[in-house]
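**Student:** The following block contains the structure, expressed as structure tokens.
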Amino acid sequence: MKVMVLEDDKEIGAWVRDGLTRAGHTVDLVTDGKDALIAATTREFDVLVLDRMVPGLDGLSVLKSIRAAKVQTPVLFLTALSDIDDRVEGLQSGADDYLSKPFALTELEARVSVLGRRAAPSSASEVTKLVAGDVTLDLLKQTCMRRGQQIDLNGKEFRLLEALMRAKGRVQTRNMLLEKVWDMNFDPTTSVVETHMSRLRAKIEKPFGDTIIRTIRGAGYVIDAA
């Protein structure tokens, strides 16, 4: 699973990151609440582990903000605040689990795994079609329809549109699209995303005289949820 950990204590953060990595997870470690909020609302994670007392923006505020942004990623609070009122406040604000410091790494690993399994869709409910407005992608037939018309997309264009539609309402950065569609890490020299985005828009927008993919200057691209 892909896990984000918000922890400002460098030793604890490294310990948690290394432990979850050894358990087979991919871990992004951040030390500031504002950075955690940006990451949680612009990138896809399976579980978020939030320390409550961090600089900048505290963990509880991060949680409330991501829930207000309709991000439903499971959240585990990891904190020294262990009073029952603190736990209740965290759970009522949208946390899924609570682990008090000090804690055993094995218990944290188990709780993260449980939250990830709970959130993962079962094979019986696996998504086979994606819909955004009047655009429909059939993932089994690999077809794209808009207003009753089939749109011929090549493989990369289809995957690019799929990535945007799976995250509809959430901004997808250039690097996120590079990773999802081309399996590439950051490459400041490539214009492959921009090139394919232009071709995709020429097929899915120009013939219909409107815009469904918004460019967020300095951030990325988004298809609205409507």
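In the structure tokens, chains take letters A, B, ... by order of appearance, with residues numbered from 1 within each chain and ligands from 1 in the order shown.
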Need the shell around Val71 of chain A: protein/DNA/RNA residues with any atom at most 8 Å away, counting only C-alpha atoms. Skip same-chain ones fewer than 4 positions apart. Format as a PyMOL selection string?

**Tutor:** chain A and resi 40-41+66-67

**Student:** Go ahead and write the selection's residues with N, CA, C and O atoms as a compact mmCIF listing (two decimals), in the first residue's frame.

**Tutor:**
# COMPACT_ATOMS: atom_id res chain seq x y z
N ALA A 40 -2.08 15.04 0.77
CA ALA A 40 -3.27 14.21 0.94
C ALA A 40 -4.39 14.59 -0.01
O ALA A 40 -5.24 13.76 -0.34
N THR A 41 -4.41 15.85 -0.45
CA THR A 41 -5.49 16.30 -1.34
C THR A 41 -5.11 16.32 -2.81
O THR A 41 -5.96 16.57 -3.66
N ILE A 66 -9.00 17.68 5.08
CA ILE A 66 -9.09 16.67 4.02
C ILE A 66 -10.49 16.06 3.96
O ILE A 66 -10.97 15.73 2.88
N ARG A 67 -11.15 15.94 5.10
CA ARG A 67 -12.52 15.44 5.07
C ARG A 67 -13.46 16.47 4.44
O ARG A 67 -14.38 16.11 3.70

**Student:** Write out as a PDB file with all heavy atoms, in the first residue's frame which residues come within 10 Å of Leu63 of chain A when counting only C-alpha atoms, dropping same-chain ones fewer than 2 positions away.

**Tutor:**
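Generated output (out14.pdb):
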ATOM      1  N   GLY A  33       2.399  20.031   8.822  1.00  0.00           N
ATOM      2  CA  GLY A  33       0.984  19.831   8.550  1.00  0.00           C
ATOM      3  C   GLY A  33       0.526  20.378   7.217  1.00  0.00           C
ATOM      4  O   GLY A  33      -0.300  19.771   6.531  1.00  0.00           O
ATOM      5  N   ALA A  36       1.497  18.027   4.552  1.00  0.00           N
ATOM      6  CA  ALA A  36       0.648  16.838   4.620  1.00  0.00           C
ATOM      7  C   ALA A  36      -0.702  17.089   3.966  1.00  0.00           C
ATOM      8  O   ALA A  36      -1.226  16.231   3.241  1.00  0.00           O
ATOM      9  CB  ALA A  36       0.447  16.415   6.074  1.00  0.00           C
ATOM     10  N   LEU A  37      -1.269  18.267   4.198  1.00  0.00           N
ATOM     11  CA  LEU A  37      -2.565  18.609   3.613  1.00  0.00           C
ATOM     12  C   LEU A  37      -2.481  18.660   2.089  1.00  0.00           C
ATOM     13  O   LEU A  37      -3.355  18.132   1.391  1.00  0.00           O
ATOM     14  CB  LEU A  37      -3.048  19.952   4.168  1.00  0.00           C
ATOM     15  CG  LEU A  37      -4.372  20.478   3.598  1.00  0.00           C
ATOM     16  CD1 LEU A  37      -5.497  19.491   3.818  1.00  0.00           C
ATOM     17  CD2 LEU A  37      -4.711  21.841   4.211  1.00  0.00           C
ATOM     18  N   ALA A  40      -2.077  15.044   0.768  1.00  0.00           N
ATOM     19  CA  ALA A  40      -3.275  14.212   0.944  1.00  0.00           C
ATOM     20  C   ALA A  40      -4.393  14.592  -0.010  1.00  0.00           C
ATOM     21  O   ALA A  40      -5.241  13.755  -0.342  1.00  0.00           O
ATOM     22  CB  ALA A  40      -3.767  14.308   2.381  1.00  0.00           C
ATOM     23  N   LEU A  48      -3.460   7.189   5.653  1.00  0.00           N
ATOM     24  CA  LEU A  48      -2.741   8.351   6.174  1.00  0.00           C
ATOM     25  C   LEU A  48      -2.496   8.140   7.661  1.00  0.00           C
ATOM     26  O   LEU A  48      -3.434   7.826   8.409  1.00  0.00           O
ATOM     27  CB  LEU A  48      -3.549   9.632   5.970  1.00  0.00           C
ATOM     28  CG  LEU A  48      -4.032   9.935   4.548  1.00  0.00           C
ATOM     29  CD1 LEU A  48      -4.908  11.189   4.549  1.00  0.00           C
ATOM     30  CD2 LEU A  48      -2.851  10.115   3.604  1.00  0.00           C
ATOM     31  N   LEU A  50      -1.304  10.217  10.841  1.00  0.00           N
ATOM     32  CA  LEU A  50      -1.120  11.620  11.209  1.00  0.00           C
ATOM     33  C   LEU A  50      -0.765  11.771  12.682  1.00  0.00           C
ATOM     34  O   LEU A  50      -1.494  11.295  13.560  1.00  0.00           O
ATOM     35  CB  LEU A  50      -2.406  12.420  10.933  1.00  0.00           C
ATOM     36  CG  LEU A  50      -2.985  12.375   9.516  1.00  0.00           C
ATOM     37  CD1 LEU A  50      -4.244  13.232   9.461  1.00  0.00           C
ATOM     38  CD2 LEU A  50      -1.963  12.844   8.489  1.00  0.00           C
ATOM     39  N   ARG A  52      -0.752  14.166  15.765  1.00  0.00           N
ATOM     40  CA  ARG A  52      -1.672  15.269  16.042  1.00  0.00           C
ATOM     41  C   ARG A  52      -0.958  16.578  16.343  1.00  0.00           C
ATOM     42  O   ARG A  52      -1.428  17.645  15.956  1.00  0.00           O
ATOM     43  CB  ARG A  52      -2.585  14.893  17.217  1.00  0.00           C
ATOM     44  CG  ARG A  52      -3.611  15.949  17.515  1.00  0.00           C
ATOM     45  CD  ARG A  52      -4.789  15.400  18.267  1.00  0.00           C
ATOM     46  NE  ARG A  52      -5.703  16.451  18.663  1.00  0.00           N
ATOM     47  CZ  ARG A  52      -6.878  16.230  19.227  1.00  0.00           C
ATOM     48  NH1 ARG A  52      -7.282  14.997  19.447  1.00  0.00           N
ATOM     49  NH2 ARG A  52      -7.660  17.234  19.563  1.00  0.00           N
ATOM     50  N   ASP A  58      -1.772  21.636  12.751  1.00  0.00           N
ATOM     51  CA  ASP A  58      -1.797  20.420  13.567  1.00  0.00           C
ATOM     52  C   ASP A  58      -2.568  19.308  12.865  1.00  0.00           C
ATOM     53  O   ASP A  58      -3.363  19.540  11.947  1.00  0.00           O
ATOM     54  CB  ASP A  58      -2.413  20.715  14.938  1.00  0.00           C
ATOM     55  CG  ASP A  58      -3.870  21.108  14.839  1.00  0.00           C
ATOM     56  OD1 ASP A  58      -4.144  22.317  14.663  1.00  0.00           O
ATOM     57  OD2 ASP A  58      -4.732  20.216  14.912  1.00  0.00           O
ATOM     58  N   GLY A  59      -2.332  18.084  13.321  1.00  0.00           N
ATOM     59  CA  GLY A  59      -2.918  16.912  12.683  1.00  0.00           C
ATOM     60  C   GLY A  59      -4.434  16.914  12.650  1.00  0.00           C
ATOM     61  O   GLY A  59      -5.040  16.459  11.673  1.00  0.00           O
ATOM     62  N   LEU A  60      -5.069  17.429  13.704  1.00  0.00           N
ATOM     63  CA  LEU A  60      -6.531  17.475  13.731  1.00  0.00           C
ATOM     64  C   LEU A  60      -7.054  18.420  12.655  1.00  0.00           C
ATOM     65  O   LEU A  60      -8.052  18.119  11.984  1.00  0.00           O
ATOM     66  CB  LEU A  60      -7.018  17.918  15.112  1.00  0.00           C
ATOM     67  CG  LEU A  60      -8.540  17.907  15.316  1.00  0.00           C
ATOM     68  CD1 LEU A  60      -9.097  16.490  15.168  1.00  0.00           C
ATOM     69  CD2 LEU A  60      -8.904  18.478  16.688  1.00  0.00           C
ATOM     70  N   SER A  61      -6.397  19.554  12.472  1.00  0.00           N
ATOM     71  CA  SER A  61      -6.804  20.496  11.424  1.00  0.00           C
ATOM     72  C   SER A  61      -6.595  19.899  10.043  1.00  0.00           C
ATOM     73  O   SER A  61      -7.404  20.111   9.133  1.00  0.00           O
ATOM     74  CB  SER A  61      -6.009  21.804  11.560  1.00  0.00           C
ATOM     75  OG  SER A  61      -6.294  22.444  12.790  1.00  0.00           O
ATOM     76  N   SER A  65      -9.615  19.268   7.360  1.00  0.00           N
ATOM     77  CA  SER A  65      -9.511  19.873   6.026  1.00  0.00           C
ATOM     78  C   SER A  65      -9.637  18.839   4.917  1.00  0.00           C
ATOM     79  O   SER A  65     -10.306  19.072   3.916  1.00  0.00           O
ATOM     80  CB  SER A  65      -8.183  20.625   5.893  1.00  0.00           C
ATOM     81  OG  SER A  65      -8.125  21.714   6.797  1.00  0.00           O
ATOM     82  N   ILE A  66      -9.002  17.678   5.084  1.00  0.00           N
ATOM     83  CA  ILE A  66      -9.090  16.675   4.021  1.00  0.00           C
ATOM     84  C   ILE A  66     -10.485  16.061   3.961  1.00  0.00           C
ATOM     85  O   ILE A  66     -10.974  15.729   2.877  1.00  0.00           O
ATOM     86  CB  ILE A  66      -8.008  15.576   4.163  1.00  0.00           C
ATOM     87  CG1 ILE A  66      -8.211  14.752   5.436  1.00  0.00           C
ATOM     88  CG2 ILE A  66      -6.623  16.177   4.114  1.00  0.00           C
ATOM     89  CD1 ILE A  66      -7.236  13.589   5.543  1.00  0.00           C
ATOM     90  N   ARG A  67     -11.153  15.941   5.100  1.00  0.00           N
ATOM     91  CA  ARG A  67     -12.520  15.436   5.070  1.00  0.00           C
ATOM     92  C   ARG A  67     -13.459  16.470   4.435  1.00  0.00           C
ATOM     93  O   ARG A  67     -14.378  16.112   3.700  1.00  0.00           O
ATOM     94  CB  ARG A  67     -12.996  15.078   6.485  1.00  0.00           C
ATOM     95  CG  ARG A  67     -12.298  13.861   7.095  1.00  0.00           C
ATOM     96  CD  ARG A  67     -12.574  12.614   6.301  1.00  0.00           C
ATOM     97  NE  ARG A  67     -12.038  11.404   6.939  1.00  0.00           N
ATOM     98  CZ  ARG A  67     -11.102  10.643   6.414  1.00  0.00           C
ATOM     99  NH1 ARG A  67     -10.573  10.953   5.239  1.00  0.00           N
ATOM    100  NH2 ARG A  67     -10.684   9.554   7.044  1.00  0.00           N
ATOM    101  N   ALA A  68     -13.201  17.744   4.686  1.00  0.00           N
ATOM    102  CA  ALA A  68     -14.007  18.792   4.051  1.00  0.00           C
ATOM    103  C   ALA A  68     -13.797  18.796   2.551  1.00  0.00           C
ATOM    104  O   ALA A  68     -14.698  19.168   1.784  1.00  0.00           O
ATOM    105  CB  ALA A  68     -13.640  20.158   4.638  1.00  0.00           C
ATOM    106  N   ALA A  69     -12.614  18.360   2.110  1.00  0.00           N
ATOM    107  CA  ALA A  69     -12.306  18.278   0.677  1.00  0.00           C
ATOM    108  C   ALA A  69     -12.801  16.962   0.069  1.00  0.00           C
ATOM    109  O   ALA A  69     -12.468  16.653  -1.077  1.00  0.00           O
ATOM    110  CB  ALA A  69     -10.809  18.420   0.465  1.00  0.00           C
ATOM    111  N   VAL A  71     -11.966  13.938   0.764  1.00  0.00           N
ATOM    112  CA  VAL A  71     -10.962  12.870   0.694  1.00  0.00           C
ATOM    113  C   VAL A  71     -11.302  11.847   1.768  1.00  0.00           C
ATOM    114  O   VAL A  71     -11.324  12.168   2.958  1.00  0.00           O
ATOM    115  CB  VAL A  71      -9.539  13.418   0.919  1.00  0.00           C
ATOM    116  CG1 VAL A  71      -8.525  12.277   0.964  1.00  0.00           C
ATOM    117  CG2 VAL A  71      -9.182  14.411  -0.176  1.00  0.00           C
ATOM    118  N   VAL A  75      -7.668   7.241   7.940  1.00  0.00           N
ATOM    119  CA  VAL A  75      -6.712   8.009   8.729  1.00  0.00           C
ATOM    120  C   VAL A  75      -6.499   7.343  10.088  1.00  0.00           C
ATOM    121  O   VAL A  75      -7.454   7.014  10.793  1.00  0.00           O
ATOM    122  CB  VAL A  75      -7.202   9.456   8.942  1.00  0.00           C
ATOM    123  CG1 VAL A  75      -6.320  10.180   9.961  1.00  0.00           C
ATOM    124  CG2 VAL A  75      -7.195  10.219   7.619  1.00  0.00           C
ATOM    125  N   LEU A  76      -5.230   7.159  10.427  1.00  0.00           N
ATOM    126  CA  LEU A  76      -4.846   6.672  11.751  1.00  0.00           C
ATOM    127  C   LEU A  76      -4.136   7.804  12.475  1.00  0.00           C
ATOM    128  O   LEU A  76      -3.137   8.335  11.969  1.00  0.00           O
ATOM    129  CB  LEU A  76      -3.909   5.464  11.623  1.00  0.00           C
ATOM    130  CG  LEU A  76      -3.199   5.016  12.905  1.00  0.00           C
ATOM    131  CD1 LEU A  76      -4.193   4.434  13.906  1.00  0.00           C
ATOM    132  CD2 LEU A  76      -2.118   3.992  12.597  1.00  0.00           C
ATOM    133  N   PHE A  77      -4.649   8.191  13.644  1.00  0.00           N
ATOM    134  CA  PHE A  77      -3.988   9.194  14.463  1.00  0.00           C
ATOM    135  C   PHE A  77      -2.915   8.508  15.300  1.00  0.00           C
ATOM    136  O   PHE A  77      -3.170   7.501  15.959  1.00  0.00           O
ATOM    137  CB  PHE A  77      -4.985   9.892  15.395  1.00  0.00           C
ATOM    138  CG  PHE A  77      -5.418  11.249  14.923  1.00  0.00           C
ATOM    139  CD1 PHE A  77      -6.720  11.673  15.100  1.00  0.00           C
ATOM    140  CD2 PHE A  77      -4.525  12.116  14.331  1.00  0.00           C
ATOM    141  CE1 PHE A  77      -7.126  12.928  14.673  1.00  0.00           C
ATOM    142  CE2 PHE A  77      -4.922  13.373  13.899  1.00  0.00           C
ATOM    143  CZ  PHE A  77      -6.223  13.771  14.076  1.00  0.00           C
ATOM    144  N   GLY A  90     -10.900  13.212  17.878  1.00  0.00           N
ATOM    145  CA  GLY A  90     -10.276  12.769  16.640  1.00  0.00           C
ATOM    146  C   GLY A  90     -11.190  11.869  15.835  1.00  0.00           C
ATOM    147  O   GLY A  90     -11.338  12.031  14.618  1.00  0.00           O
ATOM    148  N   SER A  93     -14.035  13.699  14.246  1.00  0.00           N
ATOM    149  CA  SER A  93     -13.598  14.573  13.159  1.00  0.00           C
ATOM    150  C   SER A  93     -13.290  13.797  11.884  1.00  0.00           C
ATOM    151  O   SER A  93     -12.975  14.397  10.862  1.00  0.00           O
ATOM    152  CB  SER A  93     -12.362  15.374  13.585  1.00  0.00           C
ATOM    153  OG  SER A  93     -12.667  16.213  14.681  1.00  0.00           O
ATOM    154  N   GLY A  94     -13.365  12.459  11.955  1.00  0.00           N
ATOM    155  CA  GLY A  94     -13.181  11.670  10.745  1.00  0.00           C
ATOM    156  C   GLY A  94     -12.041  10.676  10.760  1.00  0.00           C
ATOM    157  O   GLY A  94     -11.785  10.010   9.763  1.00  0.00           O
ATOM    158  N   ALA A  95     -11.348  10.542  11.908  1.00  0.00           N
ATOM    159  CA  ALA A  95     -10.284   9.540  11.998  1.00  0.00           C
ATOM    160  C   ALA A  95     -10.899   8.141  12.045  1.00  0.00           C
ATOM    161  O   ALA A  95     -12.015   7.951  12.547  1.00  0.00           O
ATOM    162  CB  ALA A  95      -9.428   9.775  13.235  1.00  0.00           C
TER     163      ALA A  95
END

**Student:** Which one is closest to Leu200 of chain A: A:Met145, A:Met165, A:Ile223, A:Glu157? Count only C-alpha atoms.

**Tutor:**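 Once distances to Leu200 of chain A are computed over only C-alpha atoms, the minimum belongs to A:Glu157.
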
**Student:** What is the atom CA of Leu178 of chain A to atom CA of Gly218 of chain A distance in Å?

**Tutor:**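 These two atoms are separated by 15.9 Å.
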
**Student:** Hey, which of A:Val3, A:Val62, A:Leu78, A:Leu57 ends up closest to Thr21 of chain A? Count only C-alpha atoms.

**Tutor:** A:Val3

**Student:** DSSP on the backbone, then: every residue of segment 70-202 of chain A marked strand (DSSP E), written as an MDAnalysis selection string.

**Tutor:** chainID A and resid 75:79 97:100 129:132 135:138 143:146 149:151
